[in-house]
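Below is work07.cif, which holds mmCIF, C-alpha atoms.
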data_query
loop_
_atom_site.label_atom_id
_atom_site.label_comp_id
_atom_site.auth_asym_id
_atom_site.auth_seq_id
_atom_site.Cartn_x
_atom_site.Cartn_y
_atom_site.Cartn_z
CA MET A 1 11.78 -28.91 11.97
CA LYS A 2 9.72 -26.08 13.44
CA ALA A 3 6.45 -25.49 11.58
CA LYS A 4 6.22 -22.19 9.74
CA GLU A 5 3.86 -19.50 10.99
CA LYS A 6 0.11 -19.78 10.56
CA ILE A 7 -1.11 -16.68 8.72
CA LEU A 8 -4.55 -15.31 7.92
CA VAL A 9 -4.90 -12.84 5.05
CA ILE A 10 -8.01 -10.67 5.24
CA GLY A 11 -8.80 -8.98 1.95
CA ALA A 12 -8.50 -11.14 -1.15
CA GLY A 13 -8.11 -8.29 -3.60
CA ILE A 14 -4.95 -7.76 -5.57
CA ILE A 15 -2.59 -7.09 -2.66
CA GLY A 16 -4.11 -9.72 -0.40
CA SER A 17 -3.89 -12.29 -3.19
CA ILE A 18 -0.23 -11.44 -3.79
CA PHE A 19 0.48 -11.91 -0.08
CA ALA A 20 -1.42 -15.19 0.08
CA GLY A 21 0.16 -16.64 -3.05
CA LYS A 22 3.74 -15.64 -2.22
CA LEU A 23 3.47 -16.67 1.44
CA GLY A 24 1.93 -19.99 0.44
CA LYS A 25 4.70 -20.69 -2.05
CA ALA A 26 7.27 -19.94 0.66
CA GLY A 27 5.73 -22.71 2.77
CA TYR A 28 3.69 -20.73 5.26
CA ASP A 29 0.34 -22.03 6.48
CA VAL A 30 -1.97 -19.53 4.75
CA THR A 31 -5.70 -19.00 5.14
CA VAL A 32 -7.65 -16.32 3.26
CA LEU A 33 -10.83 -14.67 4.49
CA SER A 34 -12.91 -13.76 1.46
CA ARG A 35 -16.49 -13.13 0.45
CA ALA A 36 -18.65 -12.30 -2.59
CA ASP A 37 -17.37 -12.71 -6.17
CA ARG A 38 -13.71 -13.15 -5.23
CA LEU A 39 -14.65 -16.05 -2.94
CA LYS A 40 -16.10 -17.92 -5.91
CA GLN A 41 -12.90 -17.38 -7.93
CA LEU A 42 -10.73 -18.62 -5.06
CA LEU A 43 -12.83 -21.73 -4.48
CA GLU A 44 -12.73 -22.59 -8.18
CA LYS A 45 -9.14 -21.68 -9.08
CA GLY A 46 -7.20 -20.97 -5.90
CA ILE A 47 -4.67 -18.13 -5.84
CA LEU A 48 -3.30 -17.59 -9.35
CA LEU A 49 -0.40 -15.16 -9.72
CA ARG A 50 1.59 -14.20 -12.81
CA ASN A 51 4.68 -12.03 -12.49
CA ARG A 52 4.23 -9.32 -15.10
CA ILE A 53 8.02 -9.11 -15.73
CA SER A 54 9.28 -12.69 -15.55
CA GLY A 55 6.05 -14.44 -16.48
CA GLU A 56 6.52 -16.82 -13.54
CA GLU A 57 3.21 -18.29 -12.41
CA ILE A 58 2.15 -19.35 -8.94
CA CYS A 59 -0.89 -21.47 -8.18
CA GLU A 60 -1.69 -21.97 -4.49
CA LYS A 61 -4.70 -23.78 -3.08
CA VAL A 62 -4.88 -21.94 0.22
CA LYS A 63 -7.57 -22.49 2.85
CA ILE A 64 -10.59 -20.21 2.51
CA ILE A 65 -12.90 -18.98 5.27
CA GLU A 66 -15.87 -16.61 5.14
CA SER A 67 -15.89 -15.50 8.78
CA LEU A 68 -13.49 -15.20 11.72
CA GLN A 69 -14.27 -16.61 15.15
CA ALA A 70 -12.82 -15.32 18.42
CA ASN A 71 -10.86 -18.55 19.02
CA ASP A 72 -9.45 -18.85 15.48
CA ILE A 73 -5.81 -18.26 16.42
CA TYR A 74 -3.12 -17.24 13.91
CA ASP A 75 0.51 -16.24 14.42
CA PHE A 76 -0.11 -13.21 12.20
CA ILE A 77 -3.23 -11.70 10.68
CA PHE A 78 -2.57 -9.59 7.58
CA ILE A 79 -5.25 -7.00 6.84
CA SER A 80 -4.84 -5.75 3.29
CA VAL A 81 -7.66 -3.42 2.30
CA GLN A 82 -8.22 0.12 1.07
CA ALA A 83 -8.47 2.92 3.61
CA THR A 84 -12.22 3.10 2.98
CA GLN A 85 -12.63 -0.46 4.33
CA ILE A 86 -10.55 -0.27 7.51
CA GLU A 87 -13.44 0.43 9.87
CA GLU A 88 -15.47 -2.51 8.52
CA ILE A 89 -12.53 -4.93 8.72
CA THR A 90 -11.57 -3.75 12.19
CA SER A 91 -15.02 -4.80 13.40
CA ILE A 92 -14.44 -8.29 11.97
CA VAL A 93 -11.09 -8.75 13.74
CA LYS A 94 -12.03 -7.09 17.02
CA GLY A 95 -12.39 -9.75 19.70
CA ASN A 96 -10.21 -12.32 17.94
CA ALA A 97 -7.53 -13.72 20.27
CA SER A 98 -4.63 -13.66 17.78
CA LYS A 99 -1.76 -11.54 19.14
CA ASN A 100 -0.27 -10.01 15.98
CA ILE A 101 -2.40 -8.03 13.51
CA VAL A 102 -0.62 -6.30 10.63
CA ILE A 103 -2.48 -3.45 8.94
CA PHE A 104 -1.39 -2.96 5.32
CA SER A 105 -3.31 0.11 4.22
CA ASN A 106 -2.76 3.76 3.32
CA ASN A 107 -3.12 6.02 6.33
CA VAL A 108 -3.17 9.79 6.91
CA THR A 109 -4.95 10.21 10.23
CA GLY A 110 -2.67 8.08 12.40
CA TYR A 111 -3.06 4.77 14.19
CA GLY A 112 -4.76 5.77 17.42
CA GLN A 113 -8.27 4.67 16.49
CA ILE A 114 -7.16 1.31 15.07
CA ALA A 115 -4.85 0.60 18.00
CA GLY A 116 -7.64 1.57 20.40
CA ALA A 117 -10.09 -0.82 18.73
CA LEU A 118 -7.77 -3.81 18.36
CA GLY A 119 -5.28 -3.23 21.18
CA LYS A 120 -2.00 -1.36 20.86
CA GLU A 121 -0.10 -4.46 21.95
CA LYS A 122 -1.55 -6.40 18.99
CA VAL A 123 -1.14 -4.14 15.98
CA LEU A 124 1.73 -3.57 13.60
CA PHE A 125 1.57 -1.38 10.52
CA GLY A 126 2.92 -1.58 7.02
CA PHE A 127 2.74 -0.68 3.38
CA PRO A 128 2.85 -3.29 0.59
CA ALA A 129 5.02 -2.21 -2.35
CA ALA A 130 3.15 -4.37 -4.82
CA GLY A 131 0.34 -4.03 -7.29
CA GLY A 132 -1.31 -5.43 -10.36
CA SER A 133 -4.64 -6.32 -11.87
CA ASN A 134 -7.18 -9.12 -11.58
CA ASP A 135 -7.68 -10.49 -15.09
CA ASP A 136 -10.41 -13.12 -14.90
CA GLY A 137 -9.05 -14.55 -11.66
CA ILE A 138 -5.37 -14.29 -12.57
CA ILE A 139 -3.47 -11.64 -10.63
CA ASN A 140 -0.88 -10.10 -12.95
CA TYR A 141 1.41 -8.51 -10.40
CA HIS A 142 4.68 -6.77 -9.63
CA ILE A 143 6.69 -6.31 -6.44
CA SER A 144 8.99 -3.31 -6.12
CA THR A 145 12.63 -4.25 -6.62
CA GLY A 146 15.86 -2.59 -7.73
CA PHE A 147 15.87 1.20 -8.17
CA ILE A 148 12.12 1.52 -7.55
CA ARG A 149 12.54 -0.14 -4.15
CA LEU A 150 14.56 2.90 -3.01
CA PHE A 151 11.36 4.94 -3.19
CA GLN A 152 8.70 2.33 -2.55
CA ALA A 153 9.64 -0.77 -0.58
CA THR A 154 7.35 -3.00 1.42
CA THR A 155 7.77 -1.29 4.79
CA ILE A 156 6.73 -2.39 8.28
CA GLY A 157 6.93 -0.99 11.79
CA GLU A 158 5.74 -1.09 15.38
CA PRO A 159 3.55 1.70 16.79
CA SER A 160 6.32 2.29 19.34
CA GLY A 161 9.01 2.51 16.65
CA LYS A 162 10.99 -0.23 18.39
CA THR A 163 12.48 -3.23 16.60
CA THR A 164 10.78 -6.03 18.51
CA LYS A 165 11.11 -9.80 18.21
CA ARG A 166 7.76 -10.07 16.46
CA LEU A 167 8.74 -7.34 13.99
CA ILE A 168 11.90 -9.27 13.16
CA ARG A 169 9.76 -12.40 12.69
CA LEU A 170 7.42 -10.51 10.38
CA ASN A 171 10.37 -9.14 8.43
CA LYS A 172 11.70 -12.67 7.93
CA ILE A 173 8.30 -13.95 6.76
CA LEU A 174 8.08 -11.22 4.12
CA ALA A 175 11.71 -11.66 3.08
CA ASP A 176 11.24 -15.44 2.72
CA SER A 177 8.28 -14.71 0.44
CA GLY A 178 10.16 -12.36 -1.89
CA PHE A 179 8.96 -8.94 -0.72
CA GLN A 180 12.39 -7.48 0.22
CA PRO A 181 10.94 -5.55 3.20
CA LYS A 182 12.33 -2.61 5.16
CA ILE A 183 11.70 -1.68 8.79
CA SER A 184 10.67 1.87 9.70
CA SER A 185 11.14 3.42 13.15
CA ASN A 186 8.24 5.83 12.49
CA MET A 187 5.68 4.11 10.31
CA GLU A 188 2.98 6.68 11.02
CA VAL A 189 5.02 9.56 9.59
CA TRP A 190 6.29 7.33 6.77
CA GLN A 191 2.65 6.75 5.78
CA LYS A 192 1.81 10.45 5.79
CA TYR A 193 4.66 11.23 3.40
CA HIS A 194 3.75 8.28 1.22
CA VAL A 195 0.24 9.69 0.80
CA ALA A 196 1.79 13.09 0.02
CA VAL A 197 3.51 11.37 -2.92
CA ILE A 198 0.63 9.27 -4.23
CA LEU A 199 -2.08 11.94 -4.13
CA PRO A 200 -0.41 14.23 -6.72
CA ILE A 201 0.34 11.17 -8.88
CA SER A 202 -3.32 10.17 -8.69
CA ARG A 203 -4.52 13.67 -9.57
CA ALA A 204 -2.08 13.86 -12.48
CA LEU A 205 -3.27 10.49 -13.81
CA ASN A 206 -6.87 11.68 -13.52
CA CYS A 207 -6.09 14.33 -16.12
CA PHE A 208 -5.64 11.50 -18.65
CA ASP A 209 -8.24 8.99 -17.45
CA SER A 210 -5.46 7.00 -15.72
CA ASP A 211 -3.44 6.63 -18.92
CA ASN A 212 0.16 6.76 -17.69
CA TYR A 213 1.55 6.83 -21.23
CA GLU A 214 -0.36 10.02 -22.03
CA LEU A 215 0.74 11.55 -18.73
CA SER A 216 4.38 10.85 -19.65
CA LYS A 217 4.00 13.22 -22.62
CA SER A 218 2.82 16.21 -20.59
CA LYS A 219 5.64 18.21 -19.02
CA ILE A 220 3.11 20.76 -17.78
CA ILE A 221 1.13 18.24 -15.72
CA LEU A 222 4.28 16.49 -14.50
CA LYS A 223 5.66 19.81 -13.28
CA GLU A 224 2.39 20.54 -11.45
CA MET A 225 2.56 17.06 -9.92
CA ILE A 226 6.09 17.65 -8.63
CA LEU A 227 5.27 21.11 -7.25
CA SER A 228 2.14 19.65 -5.62
CA THR A 229 4.23 17.00 -3.87
CA ARG A 230 6.56 19.66 -2.50
CA GLU A 231 3.56 21.62 -1.24
CA LEU A 232 2.18 18.59 0.61
CA PHE A 233 5.65 17.89 2.04
CA SER A 234 5.78 21.48 3.27
CA ALA A 235 2.42 21.10 4.99
CA LEU A 236 3.64 18.00 6.82
CA LYS A 237 6.85 19.71 7.88
CA LYS A 238 4.88 22.66 9.27
CA CYS A 239 2.83 20.16 11.29
CA GLY A 240 6.08 18.90 12.82
CA TYR A 241 6.60 15.75 10.74
CA LYS A 242 10.18 15.20 9.58
CA LEU A 243 10.66 14.15 5.94
CA THR A 244 10.66 10.35 5.97
CA PRO A 245 12.31 8.34 4.42
CA TRP A 246 15.44 10.28 3.45
CA ILE A 247 15.18 9.30 -0.22
CA LEU A 248 12.24 11.69 -0.61
CA HIS A 249 14.73 14.57 -0.71
CA TYR A 250 14.85 13.47 -4.35
CA TYR A 251 11.79 15.69 -4.89
CA TYR A 252 13.93 18.78 -4.31
CA LEU A 253 16.16 18.12 -7.31
CA PRO A 254 15.72 20.63 -10.16
CA SER A 255 12.27 20.27 -11.73
CA LYS A 256 13.74 19.66 -15.19
CA ILE A 257 15.58 16.58 -13.92
CA LEU A 258 12.49 15.29 -12.15
CA ILE A 259 10.24 15.85 -15.17
CA ASN A 260 12.63 13.90 -17.42
CA SER A 261 12.80 11.14 -14.85
CA TYR A 262 9.03 10.89 -14.53
CA GLN A 263 8.58 10.90 -18.28
CA ARG A 264 10.62 7.69 -18.40
CA ILE A 265 8.86 6.20 -15.39
CA PHE A 266 5.33 6.84 -16.65
CA ASN A 267 6.15 5.63 -20.14
CA SER A 268 6.50 2.07 -18.86
CA LYS A 269 4.60 -1.09 -17.97
CA LEU A 270 5.81 -0.60 -14.40
CA ALA A 271 3.83 2.64 -14.10
CA GLU A 272 0.83 0.97 -15.73
CA TYR A 273 0.72 -1.71 -13.03
CA ALA A 274 2.10 0.26 -10.08
CA TYR A 275 0.08 3.45 -10.56
CA ALA A 276 -2.44 3.55 -13.41
CA LYS A 277 -4.34 0.31 -12.81
CA HIS A 278 -4.60 0.99 -9.10
CA ASN A 279 -5.74 4.55 -9.75
CA LYS A 280 -8.66 3.27 -11.81
CA ILE A 281 -9.99 1.15 -8.97
CA GLY A 282 -8.86 3.39 -6.11
CA LYS A 283 -10.92 6.53 -6.75
CA ASP A 284 -12.91 6.34 -3.50
CA GLU A 285 -9.79 5.68 -1.43
CA ASN A 286 -7.87 8.55 -3.03
CA ASP A 287 -10.81 10.91 -2.47
CA LEU A 288 -10.91 9.89 1.20
CA LEU A 289 -7.16 10.36 1.60
CA ASP A 290 -7.41 13.76 -0.06
CA LYS A 291 -10.17 14.82 2.32
CA GLN A 292 -8.11 13.67 5.31
CA PHE A 293 -4.99 15.42 4.03
CA GLU A 294 -6.94 18.67 3.66
CA LYS A 295 -7.15 18.79 7.45
CA LEU A 296 -3.34 18.68 7.69
CA ILE A 297 -3.09 21.42 5.07
CA ALA A 298 -5.52 23.57 7.06
CA GLN A 299 -3.66 22.85 10.29
CA SER A 300 -0.35 23.90 8.72
CA LYS A 301 -1.91 27.01 7.11
CA SER A 302 -0.05 26.07 3.94
CA ILE A 303 -0.72 27.37 0.45
CA THR A 304 -1.16 24.49 -2.00
CA GLU A 305 -1.75 26.41 -5.21
CA SER A 306 -0.25 23.81 -7.56
CA TYR A 307 -2.12 20.95 -5.91
CA GLU A 308 -5.46 22.76 -6.13
CA LYS A 309 -4.77 23.60 -9.76
CA LEU A 310 -3.93 19.98 -10.50
CA LYS A 311 -7.13 18.76 -8.85
CA GLY A 312 -9.09 21.31 -10.84
CA ARG A 313 -7.94 19.74 -14.10
CA ARG A 314 -9.59 16.45 -13.17
CA LYS A 315 -11.83 14.93 -15.80
#
Take the structure from the file and write it as structure tokens.
Amino acid sequence: MKAKEKILVIGAGIIGSIFAGKLGKAGYDVTVLSRADRLKQLLEKGILLRNRISGEEICEKVKIIESLQANDIYDFIFISVQATQIEEITSIVKGNASKNIVIFSNNVTGYGQIAGALGKEKVLFGFPAAGGSNDDGIINYHISTGFIRLFQATTIGEPSGKTTKRLIRLNKILADSGFQPKISSNMEVWQKYHVAVILPISRALNCFDSDNYELSKSKIILKEMILSTRELFSALKKCGYKLTPWILHYYYLPSKILINSYQRIFNSKLAEYAYAKHNKIGKDENDLLDKQFEKLIAQSKSITESYEKLKGRRK
């Protein structure tokens, strides 16, 4: 039997831990690069995951390293960090001889700089539709499934947009591990529209100190959030970026329908783990993404009145 791929996960936060634990359970040869406090947890307890819906627990004793050498070869390197950390992590991976490096991170500015640093022939890009919280070393997590997966699936793609052999291999690895991935032919534009969705959600949550249940009660803020999303979509369209994926046309349904829908979504444990908990720890990343998106707004000469109003309500 052919041995399963050898995978390095860089970034042992919530997402990286979910990747490592699920890939390890699926039988892949997983190594995690970690440092500081999280390193101590991993050495003592390994990867501990608890599915927040089913209660299923996973305990994986993966290999741990603190640094990456040029000749440490892996079939795939997964980089799972916030946008604020990409430059630092790129410097760690640069020079390593592994041929396939998958960047799982929010992105507004495009992939040119990363591809230039690591080699366009090496990089793939993706978004992990997963989240959770680290509760004393146990990662209470969720992975998008069912209806939510229509809007937010683990999505991967090549810089070229082509469906290559290695992309198919990556898709199989993620599918084997329970992520139910999708392949995008334009991951860069997909990422821009994803950020156009999450920024208004973040700013709306900020109005209630990241309490999704309180947000669910406010039709005024939810309406501003929806209008803000449409404004950011409009800016992207004016810059020449086609709405991607198609399901995002959902945001052009009547506001009343969308408000009722979001009231149900935010009044749930799913929203607590998928949005609120991440928003609490992702302030710096969201501020960076907002600053980067402002350049697209300026380029498009768009008016984003609702979005500016929503940001102005921030606590």
If I wrap all listed atoms of stretch 179-184 of chain A in a box with edges along x, y and z and add 4 Å on each side, what are its centre and edge lengths in Å to one decimal, as JSON?
{"center_x": 10.7, "center_y": -3.5, "center_z": 4.5, "size_x": 11.4, "size_y": 18.8, "size_z": 18.4}
Skipping near chain neighbours, those fewer than 4 positions away, what residues fall within 12 Å of A:Phe293 using all atoms listed in the file, listed as a JSON list (two decimals) with C-alpha atoms, in the frame of the given file?
[["chain", "number", "residue", "atom", "x", "y", "z"],
["A", 106, "ASN", "CA", -2.76, 3.76, 3.32],
["A", 107, "ASN", "CA", -3.12, 6.02, 6.33],
["A", 108, "VAL", "CA", -3.17, 9.79, 6.91],
["A", 109, "THR", "CA", -4.95, 10.21, 10.23],
["A", 110, "GLY", "CA", -2.67, 8.08, 12.40],
["A", 191, "GLN", "CA", 2.65, 6.75, 5.78],
["A", 192, "LYS", "CA", 1.81, 10.45, 5.79],
["A", 193, "TYR", "CA", 4.66, 11.23, 3.40],
["A", 194, "HIS", "CA", 3.75, 8.28, 1.22],
["A", 195, "VAL", "CA", 0.24, 9.69, 0.80],
["A", 196, "ALA", "CA", 1.79, 13.09, 0.02],
["A", 197, "VAL", "CA", 3.51, 11.37, -2.92],
["A", 198, "ILE", "CA", 0.63, 9.27, -4.23],
["A", 199, "LEU", "CA", -2.08, 11.94, -4.13],
["A", 200, "PRO", "CA", -0.41, 14.23, -6.72],
["A", 231, "GLU", "CA", 3.56, 21.62, -1.24],
["A", 232, "LEU", "CA", 2.18, 18.59, 0.61],
["A", 233, "PHE", "CA", 5.65, 17.89, 2.04],
["A", 235, "ALA", "CA", 2.42, 21.10, 4.99],
["A", 236, "LEU", "CA", 3.64, 18.00, 6.82],
["A", 239, "CYS", "CA", 2.83, 20.16, 11.29],
["A", 286, "ASN", "CA", -7.87, 8.55, -3.03],
["A", 287, "ASP", "CA", -10.81, 10.91, -2.47],
["A", 288, "LEU", "CA", -10.91, 9.89, 1.20],
["A", 289, "LEU", "CA", -7.16, 10.36, 1.60],
["A", 297, "ILE", "CA", -3.09, 21.42, 5.07],
["A", 298, "ALA", "CA", -5.52, 23.57, 7.06],
["A", 299, "GLN", "CA", -3.66, 22.85, 10.29],
["A", 300, "SER", "CA", -0.35, 23.90, 8.72],
["A", 302, "SER", "CA", -0.05, 26.07, 3.94],
["A", 304, "THR", "CA", -1.16, 24.49, -2.00],
["A", 307, "TYR", "CA", -2.12, 20.95, -5.91]]
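In terms of minimum interatomic distance to A:Ile281, A:Asp209 ranks closest within A:Leu23, A:Asp209, A:Lys295, A:Tyr74, counting only C-alpha atoms.
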Exercise. Between A:Arg169, A:Lys301, A:Leu253, A:Glu188, which is the closest to A:Lys238 once you count all atoms listed in the file?
Worked result: A:Lys301
Residues in the PyMOL selection byres ((chain A and resi 126) around 6), expressed as a PDB file with C-alpha atoms, in the frame of the given file:
ATOM      1  CA  PHE A 104      -1.390  -2.960   5.320  1.00  0.00           C
ATOM      2  CA  PHE A 125       1.570  -1.380  10.520  1.00  0.00           C
ATOM      3  CA  PHE A 127       2.740  -0.680   3.380  1.00  0.00           C
ATOM      4  CA  THR A 155       7.770  -1.290   4.790  1.00  0.00           C
ATOM      5  CA  ILE A 156       6.730  -2.390   8.280  1.00  0.00           C
TER       6      ILE A 156
END
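Interatomic distance, atom CA of A:Val62 to atom CA of A:Lys40: 13.4 Å.
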The residues within 8 Å of (3.7, 6.7, -21.6), using only C-alpha atoms and the coordinates of the file, should be reported as a short mmCIF file (atom, residue, chain, number, x, y, z; two decimals) with C-alpha atoms, in the frame of the given file; which are they?
data_model
loop_
_atom_site.label_atom_id
_atom_site.label_comp_id
_atom_site.auth_asym_id
_atom_site.auth_seq_id
_atom_site.Cartn_x
_atom_site.Cartn_y
_atom_site.Cartn_z
CA ASP A 211 -3.44 6.63 -18.92
CA ASN A 212 0.16 6.76 -17.69
CA TYR A 213 1.55 6.83 -21.23
CA GLU A 214 -0.36 10.02 -22.03
CA LEU A 215 0.74 11.55 -18.73
CA SER A 216 4.38 10.85 -19.65
CA LYS A 217 4.00 13.22 -22.62
CA GLN A 263 8.58 10.90 -18.28
CA ARG A 264 10.62 7.69 -18.40
CA PHE A 266 5.33 6.84 -16.65
CA ASN A 267 6.15 5.63 -20.14
CA SER A 268 6.50 2.07 -18.86
#
For this session: To verify the selection step, state as number ranges by chain which residues the PyMOL selection byres ((chain A and resi 186) around 9) yields on this input.
Result: A: 157-162, 184-185, 187-191, 244
Store the residues picked out above, limited to C-alpha atoms, as a compact mmCIF listing (two decimals), in the coordinates of the input.
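Below you can see part.txt, which holds the result:
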# COMPACT_ATOMS: atom_id res chain seq x y z
CA GLY A 157 6.93 -0.99 11.79
CA GLU A 158 5.74 -1.09 15.38
CA PRO A 159 3.55 1.70 16.79
CA SER A 160 6.32 2.29 19.34
CA GLY A 161 9.01 2.51 16.65
CA LYS A 162 10.99 -0.23 18.39
CA SER A 184 10.67 1.87 9.70
CA SER A 185 11.14 3.42 13.15
CA MET A 187 5.68 4.11 10.31
CA GLU A 188 2.98 6.68 11.02
CA VAL A 189 5.02 9.56 9.59
CA TRP A 190 6.29 7.33 6.77
CA GLN A 191 2.65 6.75 5.78
CA THR A 244 10.66 10.35 5.97
Problem set entry | Counting only C-alpha atoms, the residue of A:Leu48, A:Glu66, A:Ile10, A:Leu258 that sits nearest A:Ile101 | A:Ile10
For this session: Taking (5.6, -2.3, -7.6) in the file's own coordinates, collect the residues within 9 Å, counting only C-alpha atoms, and hand them back as number ranges by chain.
Result: A: 128-132, 141-145, 148-149, 152-153, 270-271, 273-275
Exercise. Which of these residues is nearest to A:Leu170, using all atoms listed in the file: A:Thr154, A:Ser80, A:Ser17, A:Asn206?
Worked result: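 That would be A:Thr154, the residue with the smallest distance to A:Leu170.
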For this session: Using the chain letters and residue numbers of this document, give as number ranges by chain the residues selected by the PyMOL selection byres ((chain A and resi 44) around 12).
Result: A: 37-43, 45-48, 59-62, 64, 136-138
For this session: Find the spatial neighbours of A:Asp284, counting only C-alpha atoms, within a cut-off of 12 Å - ignore same-chain residues fewer than 3 positions away - and output them as a list in words.
Result: Gln82, Ala83, Thr84, Gln85, Ser202, His278, Asn279, Lys280, Ile281, Asp287, Leu288, Leu289, Asp290 and Lys291 of chain A
